[in-house]
Amino acid sequence: MELLEVVFSSCETLTRTRRDLRARQRAVAFAPFQVLLQSIFSVLFPSDCRLCGTSLDNISRIPACEDCLAEIVPARVPQCVICGDRLASAQLLRGDGLCANCRDCAPEFDRAASFGEYREGVRGLIQLLKYESVTPVAGPLGGMLAQAITELLAGCADATPLLVPVPLHKSRRRSRGFNQSELIARAAAQRLSQRLEVACGALVRRRDTVSQVGLTREERIANVRDAFRVADVAGVRGRDVMLVDDVMTTGTTLSECARILKQAGVRRVWAATVARAYDGADLRLAGDSTSEEKEAAEVPVSASV
Ligand SMILES: [Zn+2]
Ligand SMILES: [Zn+2]
């Protein structure tokens, strides 16, 4: 009996030893694969918040912590009743609710609104989408855009505008792989209580425009003049259009889009953006240099300047 136990025991030990050996061999064979998996996993599910750097507790497709997302709030500053730019106190005193630009020369769109200011969390999410292709952040950005759209449509119960993302030039779209405005527009459409159609092919960008940074208002207008054309005239004629984009600075691009849409017979044009760089603020303000360098190179075309 004792002998049998010893035999059985040694058999068991041998089996365990072989099993451990095979496991170790498998581990060595799969190590490169595991590294690859981990690197893919860390890209898809990063362990740190990409906005503040703290560790993320949960695996999420959005690489930002709950605190950072909760800190993103709508802009609450006195704004121009047409273009939504921040009003300085001198402009407020005039009482007409217009910024200097709109008083001098009203834009072609009827009204523009943005969710928040182009800074901190909003800016961080937009940069993650545009420059690091973290496409899941289009979801929360779309939620913000939906709020701007809802604000513009308040009091327009009869309106069912087409959502028209500001197009990228085809070469820019090809190199980025997507148009961020289109992704954000689609995400917004899913979150709106009203069902609105996203008409991505309605507008086409005919040419890539040069940097708007440092140009005067007249130069900016000339720079984007005829940069777009309406590709689907029959589809937009007699309709209302809600232009959508990620960032608006001076509104020159959105105004030019509105001009050619109205030329094609569109009734009303509104412009909704996730973020507003107030007073045409330089988009190359402080931030991490890598993103900033990319942004400096890309702003003229990708943002609605
Ligand atoms: Zn964070
Ligand atoms: Zn204005």
# chains A, B, ... in the order shown; residues from 1 in each chain; ligands from 1
call {"tool": "residues_near_ligand", "arguments": {"ligand": "ligand 1", "cutoff": "9 Å", "atoms": "only C-alpha atoms and all ligand atoms", "output": "list in words"}}
result
Asp48, Cys49, Arg50, Leu51, Cys52, Gly53, Thr54, Ser55, Leu56, Pro63, Ala64, Cys65, Glu66, Asp67, Cys68, Leu69 and Gly121 of chain A
call {"tool": "write_last_selection", "arguments": {"atoms": "all heavy atoms", "output": "short mmCIF file (atom, residue, chain, number, x, y, z; two decimals), in the first residue's frame"}}
result
data_model
loop_
_atom_site.label_atom_id
_atom_site.label_comp_id
_atom_site.auth_asym_id
_atom_site.auth_seq_id
_atom_site.Cartn_x
_atom_site.Cartn_y
_atom_site.Cartn_z
N ASP A 48 -3.44 55.31 -18.31
CA ASP A 48 -3.46 56.66 -17.72
C ASP A 48 -4.43 57.56 -18.48
O ASP A 48 -4.59 57.42 -19.68
CB ASP A 48 -2.06 57.29 -17.81
CG ASP A 48 -1.07 56.59 -16.92
OD1 ASP A 48 -1.51 55.97 -15.93
OD2 ASP A 48 0.14 56.64 -17.22
N CYS A 49 -5.02 58.49 -17.71
CA CYS A 49 -5.88 59.49 -18.33
C CYS A 49 -5.01 60.34 -19.24
O CYS A 49 -3.96 60.83 -18.83
CB CYS A 49 -6.55 60.35 -17.26
SG CYS A 49 -7.37 61.81 -17.91
N ARG A 50 -5.43 60.53 -20.48
CA ARG A 50 -4.61 61.28 -21.43
C ARG A 50 -4.74 62.79 -21.24
O ARG A 50 -4.09 63.55 -21.92
CB ARG A 50 -5.00 60.89 -22.86
CG ARG A 50 -4.82 59.40 -23.15
CD ARG A 50 -3.36 59.02 -23.35
NE ARG A 50 -2.88 59.44 -24.64
CZ ARG A 50 -3.02 58.76 -25.75
NH1 ARG A 50 -3.63 57.59 -25.74
NH2 ARG A 50 -2.56 59.23 -26.88
N LEU A 51 -5.59 63.20 -20.32
CA LEU A 51 -5.73 64.63 -20.07
C LEU A 51 -4.97 65.06 -18.81
O LEU A 51 -4.40 66.14 -18.77
CB LEU A 51 -7.21 65.02 -19.93
CG LEU A 51 -8.09 64.69 -21.16
CD1 LEU A 51 -9.53 65.09 -20.90
CD2 LEU A 51 -7.57 65.39 -22.40
N CYS A 52 -4.99 64.20 -17.76
CA CYS A 52 -4.32 64.62 -16.52
C CYS A 52 -3.22 63.66 -16.08
O CYS A 52 -2.48 63.95 -15.15
CB CYS A 52 -5.35 64.81 -15.39
SG CYS A 52 -6.03 63.25 -14.80
N GLY A 53 -3.14 62.49 -16.70
CA GLY A 53 -2.06 61.56 -16.39
C GLY A 53 -2.31 60.61 -15.25
O GLY A 53 -1.48 59.75 -14.98
N THR A 54 -3.43 60.73 -14.54
CA THR A 54 -3.68 59.79 -13.43
C THR A 54 -4.10 58.42 -14.00
O THR A 54 -4.62 58.34 -15.11
CB THR A 54 -4.81 60.30 -12.48
OG1 THR A 54 -5.98 60.51 -13.27
CG2 THR A 54 -4.42 61.56 -11.78
N SER A 55 -3.87 57.39 -13.20
CA SER A 55 -4.20 56.04 -13.65
C SER A 55 -5.71 55.88 -13.78
O SER A 55 -6.46 56.38 -12.95
CB SER A 55 -3.68 55.01 -12.65
OG SER A 55 -2.29 55.10 -12.60
N LEU A 56 -6.10 55.16 -14.82
CA LEU A 56 -7.53 54.90 -15.00
C LEU A 56 -7.89 53.61 -14.27
O LEU A 56 -7.19 52.61 -14.38
CB LEU A 56 -7.85 54.76 -16.48
CG LEU A 56 -7.75 56.05 -17.32
CD1 LEU A 56 -7.98 55.73 -18.79
CD2 LEU A 56 -8.77 57.08 -16.84
N PRO A 63 -9.98 57.40 -23.30
CA PRO A 63 -8.82 57.45 -22.41
C PRO A 63 -8.77 58.71 -21.55
O PRO A 63 -7.79 59.44 -21.56
CB PRO A 63 -7.64 57.38 -23.39
CG PRO A 63 -8.16 58.05 -24.62
CD PRO A 63 -9.62 57.81 -24.68
N ALA A 64 -9.82 58.97 -20.83
CA ALA A 64 -9.86 60.13 -19.94
C ALA A 64 -10.61 59.74 -18.68
O ALA A 64 -11.55 58.94 -18.74
CB ALA A 64 -10.55 61.30 -20.63
N CYS A 65 -10.15 60.28 -17.53
CA CYS A 65 -10.77 59.89 -16.27
C CYS A 65 -12.11 60.61 -16.08
O CYS A 65 -12.39 61.62 -16.74
CB CYS A 65 -9.83 60.17 -15.10
SG CYS A 65 -9.64 61.93 -14.72
N GLU A 66 -12.90 60.11 -15.16
CA GLU A 66 -14.22 60.69 -14.93
C GLU A 66 -14.13 62.12 -14.42
O GLU A 66 -14.96 62.96 -14.76
CB GLU A 66 -15.01 59.82 -13.94
CG GLU A 66 -15.49 58.54 -14.59
CD GLU A 66 -16.29 57.67 -13.65
OE1 GLU A 66 -16.67 58.15 -12.55
OE2 GLU A 66 -16.54 56.51 -14.02
N ASP A 67 -13.09 62.41 -13.63
CA ASP A 67 -12.94 63.78 -13.10
C ASP A 67 -12.71 64.76 -14.25
O ASP A 67 -13.30 65.83 -14.28
CB ASP A 67 -11.75 63.85 -12.13
CG ASP A 67 -12.08 63.17 -10.81
OD1 ASP A 67 -13.27 62.88 -10.58
OD2 ASP A 67 -11.14 62.92 -10.02
N CYS A 68 -11.81 64.38 -15.16
CA CYS A 68 -11.53 65.28 -16.30
C CYS A 68 -12.78 65.49 -17.15
O CYS A 68 -13.06 66.61 -17.58
CB CYS A 68 -10.41 64.73 -17.17
SG CYS A 68 -8.77 65.00 -16.45
N LEU A 69 -13.52 64.41 -17.39
CA LEU A 69 -14.73 64.55 -18.21
C LEU A 69 -15.78 65.40 -17.48
O LEU A 69 -16.47 66.21 -18.10
CB LEU A 69 -15.30 63.17 -18.56
CG LEU A 69 -14.43 62.32 -19.49
CD1 LEU A 69 -15.03 60.93 -19.69
CD2 LEU A 69 -14.24 63.00 -20.85
N GLY A 121 -9.94 70.47 -21.12
CA GLY A 121 -10.47 69.14 -21.48
C GLY A 121 -11.04 69.06 -22.89
O GLY A 121 -10.81 68.09 -23.61
#
call {"tool": "select_by_dssp", "arguments": {"residues": "segment 168-248 of chain A", "states": "alpha helix (DSSP H)", "output": "ChimeraX atom specification"}}
result
/A:170-176,180-191,217-224,233-236
call {"tool": "residues_around", "arguments": {"residues": "segment 172-187 of chain A", "least_positions_apart": "6", "cutoff": "9 Å", "atoms": "only C-alpha atoms", "output": "ChimeraX atom specification"}}
result
/A:126,129-131,133,135,137-143,145-146,163-166,197-198,200,208,244-246,273-274,301-302
call {"tool": "residues_around", "arguments": {"residues": "segment 98-109 of chain A", "least_positions_apart": "4", "cutoff": "9 Å", "atoms": "only C-alpha atoms", "output": "number ranges by chain"}}
result
A: 79-88, 91-92, 94, 251-252, 254-259, 262, 268-271
call {"tool": "write_last_selection", "arguments": {"atoms": "N, CA and C atoms", "output": "PDB file, in the first residue's frame"}}
result
ATOM      1  N   GLN A  79     -22.098  86.365 -24.857  1.00  0.00           N
ATOM      2  CA  GLN A  79     -21.699  86.043 -26.233  1.00  0.00           C
ATOM      3  C   GLN A  79     -22.484  86.863 -27.255  1.00  0.00           C
ATOM      4  N   CYS A  80     -21.838  87.063 -28.397  1.00  0.00           N
ATOM      5  CA  CYS A  80     -22.469  87.749 -29.527  1.00  0.00           C
ATOM      6  C   CYS A  80     -23.712  86.955 -29.950  1.00  0.00           C
ATOM      7  N   VAL A  81     -24.810  87.657 -30.189  1.00  0.00           N
ATOM      8  CA  VAL A  81     -26.066  86.964 -30.508  1.00  0.00           C
ATOM      9  C   VAL A  81     -26.045  86.332 -31.904  1.00  0.00           C
ATOM     10  N   ILE A  82     -25.077  86.723 -32.732  1.00  0.00           N
ATOM     11  CA  ILE A  82     -24.996  86.089 -34.063  1.00  0.00           C
ATOM     12  C   ILE A  82     -23.906  85.021 -34.092  1.00  0.00           C
ATOM     13  N   CYS A  83     -22.663  85.406 -33.822  1.00  0.00           N
ATOM     14  CA  CYS A  83     -21.562  84.464 -34.054  1.00  0.00           C
ATOM     15  C   CYS A  83     -21.117  83.721 -32.788  1.00  0.00           C
ATOM     16  N   GLY A  84     -21.603  84.156 -31.630  1.00  0.00           N
ATOM     17  CA  GLY A  84     -21.255  83.455 -30.394  1.00  0.00           C
ATOM     18  C   GLY A  84     -19.905  83.810 -29.823  1.00  0.00           C
ATOM     19  N   ASP A  85     -19.206  84.801 -30.409  1.00  0.00           N
ATOM     20  CA  ASP A  85     -17.912  85.200 -29.852  1.00  0.00           C
ATOM     21  C   ASP A  85     -18.129  85.862 -28.487  1.00  0.00           C
ATOM     22  N   ARG A  86     -17.106  85.798 -27.663  1.00  0.00           N
ATOM     23  CA  ARG A  86     -17.206  86.407 -26.324  1.00  0.00           C
ATOM     24  C   ARG A  86     -17.272  87.927 -26.469  1.00  0.00           C
ATOM     25  N   LEU A  87     -18.163  88.547 -25.703  1.00  0.00           N
ATOM     26  CA  LEU A  87     -18.295  90.003 -25.782  1.00  0.00           C
ATOM     27  C   LEU A  87     -17.444  90.674 -24.713  1.00  0.00           C
ATOM     28  N   ALA A  88     -16.696  91.675 -25.140  1.00  0.00           N
ATOM     29  CA  ALA A  88     -15.928  92.479 -24.180  1.00  0.00           C
ATOM     30  C   ALA A  88     -16.906  93.429 -23.483  1.00  0.00           C
ATOM     31  N   GLN A  91     -18.374  96.195 -25.503  1.00  0.00           N
ATOM     32  CA  GLN A  91     -19.394  95.757 -26.457  1.00  0.00           C
ATOM     33  C   GLN A  91     -20.721  95.488 -25.745  1.00  0.00           C
ATOM     34  N   LEU A  92     -20.615  94.981 -24.510  1.00  0.00           N
ATOM     35  CA  LEU A  92     -21.822  94.703 -23.728  1.00  0.00           C
ATOM     36  C   LEU A  92     -22.599  95.983 -23.466  1.00  0.00           C
ATOM     37  N   ARG A  94     -22.959  98.520 -25.251  1.00  0.00           N
ATOM     38  CA  ARG A  94     -23.723  99.014 -26.409  1.00  0.00           C
ATOM     39  C   ARG A  94     -25.142  98.465 -26.427  1.00  0.00           C
ATOM     40  N   GLY A 251     -14.818  82.208 -37.615  1.00  0.00           N
ATOM     41  CA  GLY A 251     -16.052  81.878 -38.330  1.00  0.00           C
ATOM     42  C   GLY A 251     -15.989  82.144 -39.820  1.00  0.00           C
ATOM     43  N   THR A 252     -14.815  82.490 -40.339  1.00  0.00           N
ATOM     44  CA  THR A 252     -14.693  82.814 -41.765  1.00  0.00           C
ATOM     45  C   THR A 252     -15.032  81.605 -42.649  1.00  0.00           C
ATOM     46  N   LEU A 254     -16.869  78.928 -41.833  1.00  0.00           N
ATOM     47  CA  LEU A 254     -18.292  78.590 -41.714  1.00  0.00           C
ATOM     48  C   LEU A 254     -19.140  79.593 -42.487  1.00  0.00           C
ATOM     49  N   SER A 255     -18.730  80.861 -42.469  1.00  0.00           N
ATOM     50  CA  SER A 255     -19.465  81.882 -43.201  1.00  0.00           C
ATOM     51  C   SER A 255     -19.388  81.629 -44.709  1.00  0.00           C
ATOM     52  N   GLU A 256     -18.222  81.210 -45.177  1.00  0.00           N
ATOM     53  CA  GLU A 256     -18.055  80.914 -46.601  1.00  0.00           C
ATOM     54  C   GLU A 256     -18.912  79.697 -46.998  1.00  0.00           C
ATOM     55  N   CYS A 257     -18.938  78.684 -46.150  1.00  0.00           N
ATOM     56  CA  CYS A 257     -19.799  77.517 -46.418  1.00  0.00           C
ATOM     57  C   CYS A 257     -21.257  77.962 -46.487  1.00  0.00           C
ATOM     58  N   ALA A 258     -21.656  78.827 -45.545  1.00  0.00           N
ATOM     59  CA  ALA A 258     -23.037  79.312 -45.526  1.00  0.00           C
ATOM     60  C   ALA A 258     -23.352  80.093 -46.801  1.00  0.00           C
ATOM     61  N   ARG A 259     -22.391  80.867 -47.267  1.00  0.00           N
ATOM     62  CA  ARG A 259     -22.613  81.693 -48.462  1.00  0.00           C
ATOM     63  C   ARG A 259     -22.922  80.818 -49.680  1.00  0.00           C
ATOM     64  N   LYS A 262     -26.321  79.047 -49.371  1.00  0.00           N
ATOM     65  CA  LYS A 262     -27.461  79.929 -49.650  1.00  0.00           C
ATOM     66  C   LYS A 262     -27.556  80.225 -51.148  1.00  0.00           C
ATOM     67  N   ARG A 268     -32.113  78.572 -44.360  1.00  0.00           N
ATOM     68  CA  ARG A 268     -31.401  79.098 -43.191  1.00  0.00           C
ATOM     69  C   ARG A 268     -30.162  78.240 -42.945  1.00  0.00           C
ATOM     70  N   VAL A 269     -29.107  78.873 -42.476  1.00  0.00           N
ATOM     71  CA  VAL A 269     -27.879  78.131 -42.147  1.00  0.00           C
ATOM     72  C   VAL A 269     -27.455  78.487 -40.726  1.00  0.00           C
ATOM     73  N   TRP A 270     -27.317  77.479 -39.904  1.00  0.00           N
ATOM     74  CA  TRP A 270     -26.762  77.672 -38.567  1.00  0.00           C
ATOM     75  C   TRP A 270     -25.394  76.985 -38.528  1.00  0.00           C
ATOM     76  N   ALA A 271     -24.593  77.353 -37.568  1.00  0.00           N
ATOM     77  CA  ALA A 271     -23.268  76.735 -37.445  1.00  0.00           C
ATOM     78  C   ALA A 271     -23.045  76.306 -36.000  1.00  0.00           C
TER      79      ALA A 271
END
call {"tool": "residues_around", "arguments": {"residues": "Gly265 of chain A", "least_positions_apart": "3", "cutoff": "7 Å", "atoms": "only C-alpha atoms", "output": "PDB file with N, CA and C atoms, in the first residue's frame"}}
result
ATOM      1  N   ARG A 237     -31.505  72.296 -51.722  1.00  0.00           N
ATOM      2  CA  ARG A 237     -32.349  73.433 -52.109  1.00  0.00           C
ATOM      3  C   ARG A 237     -33.645  73.467 -51.277  1.00  0.00           C
ATOM      4  N   GLY A 238     -33.936  74.635 -50.720  1.00  0.00           N
ATOM      5  CA  GLY A 238     -35.158  74.803 -49.936  1.00  0.00           C
ATOM      6  C   GLY A 238     -35.074  74.253 -48.515  1.00  0.00           C
ATOM      7  N   LEU A 261     -23.903  77.716 -49.673  1.00  0.00           N
ATOM      8  CA  LEU A 261     -25.130  76.935 -49.453  1.00  0.00           C
ATOM      9  C   LEU A 261     -26.352  77.783 -49.781  1.00  0.00           C
ATOM     10  N   LYS A 262     -26.321  79.047 -49.371  1.00  0.00           N
ATOM     11  CA  LYS A 262     -27.461  79.929 -49.650  1.00  0.00           C
ATOM     12  C   LYS A 262     -27.556  80.225 -51.148  1.00  0.00           C
TER      13      LYS A 262
END
call {"tool": "select_by_dssp", "arguments": {"residues": "segment 242-274 of chain A", "states": "strand (DSSP E)", "output": "PyMOL selection string"}}
result
chain A and resi 242-248+269-274
call {"tool": "write_last_selection", "arguments": {"atoms": "C-alpha atoms", "output": "short mmCIF file (atom, residue, chain, number, x, y, z; two decimals), in the first residue's frame"}}
result
data_model
loop_
_atom_site.label_atom_id
_atom_site.label_comp_id
_atom_site.auth_asym_id
_atom_site.auth_seq_id
_atom_site.Cartn_x
_atom_site.Cartn_y
_atom_site.Cartn_z
CA MET A 242 -26.81 73.01 -39.63
CA LEU A 243 -23.11 73.25 -40.44
CA VAL A 244 -21.04 71.32 -37.93
CA ASP A 245 -17.33 71.41 -37.12
CA ASP A 246 -14.99 70.76 -34.23
CA VAL A 247 -13.51 74.22 -33.61
CA MET A 248 -14.54 77.71 -34.67
CA VAL A 269 -27.88 78.13 -42.15
CA TRP A 270 -26.76 77.67 -38.57
CA ALA A 271 -23.27 76.74 -37.45
CA ALA A 272 -22.65 74.48 -34.45
CA THR A 273 -19.18 73.65 -33.17
CA VAL A 274 -17.88 71.75 -30.18
#
call {"tool": "residues_around", "arguments": {"residues": "Val204 of chain A", "least_positions_apart": "5", "cutoff": "8 Å", "atoms": "only C-alpha atoms", "output": "number ranges by chain"}}
result
A: 167-169, 228-231
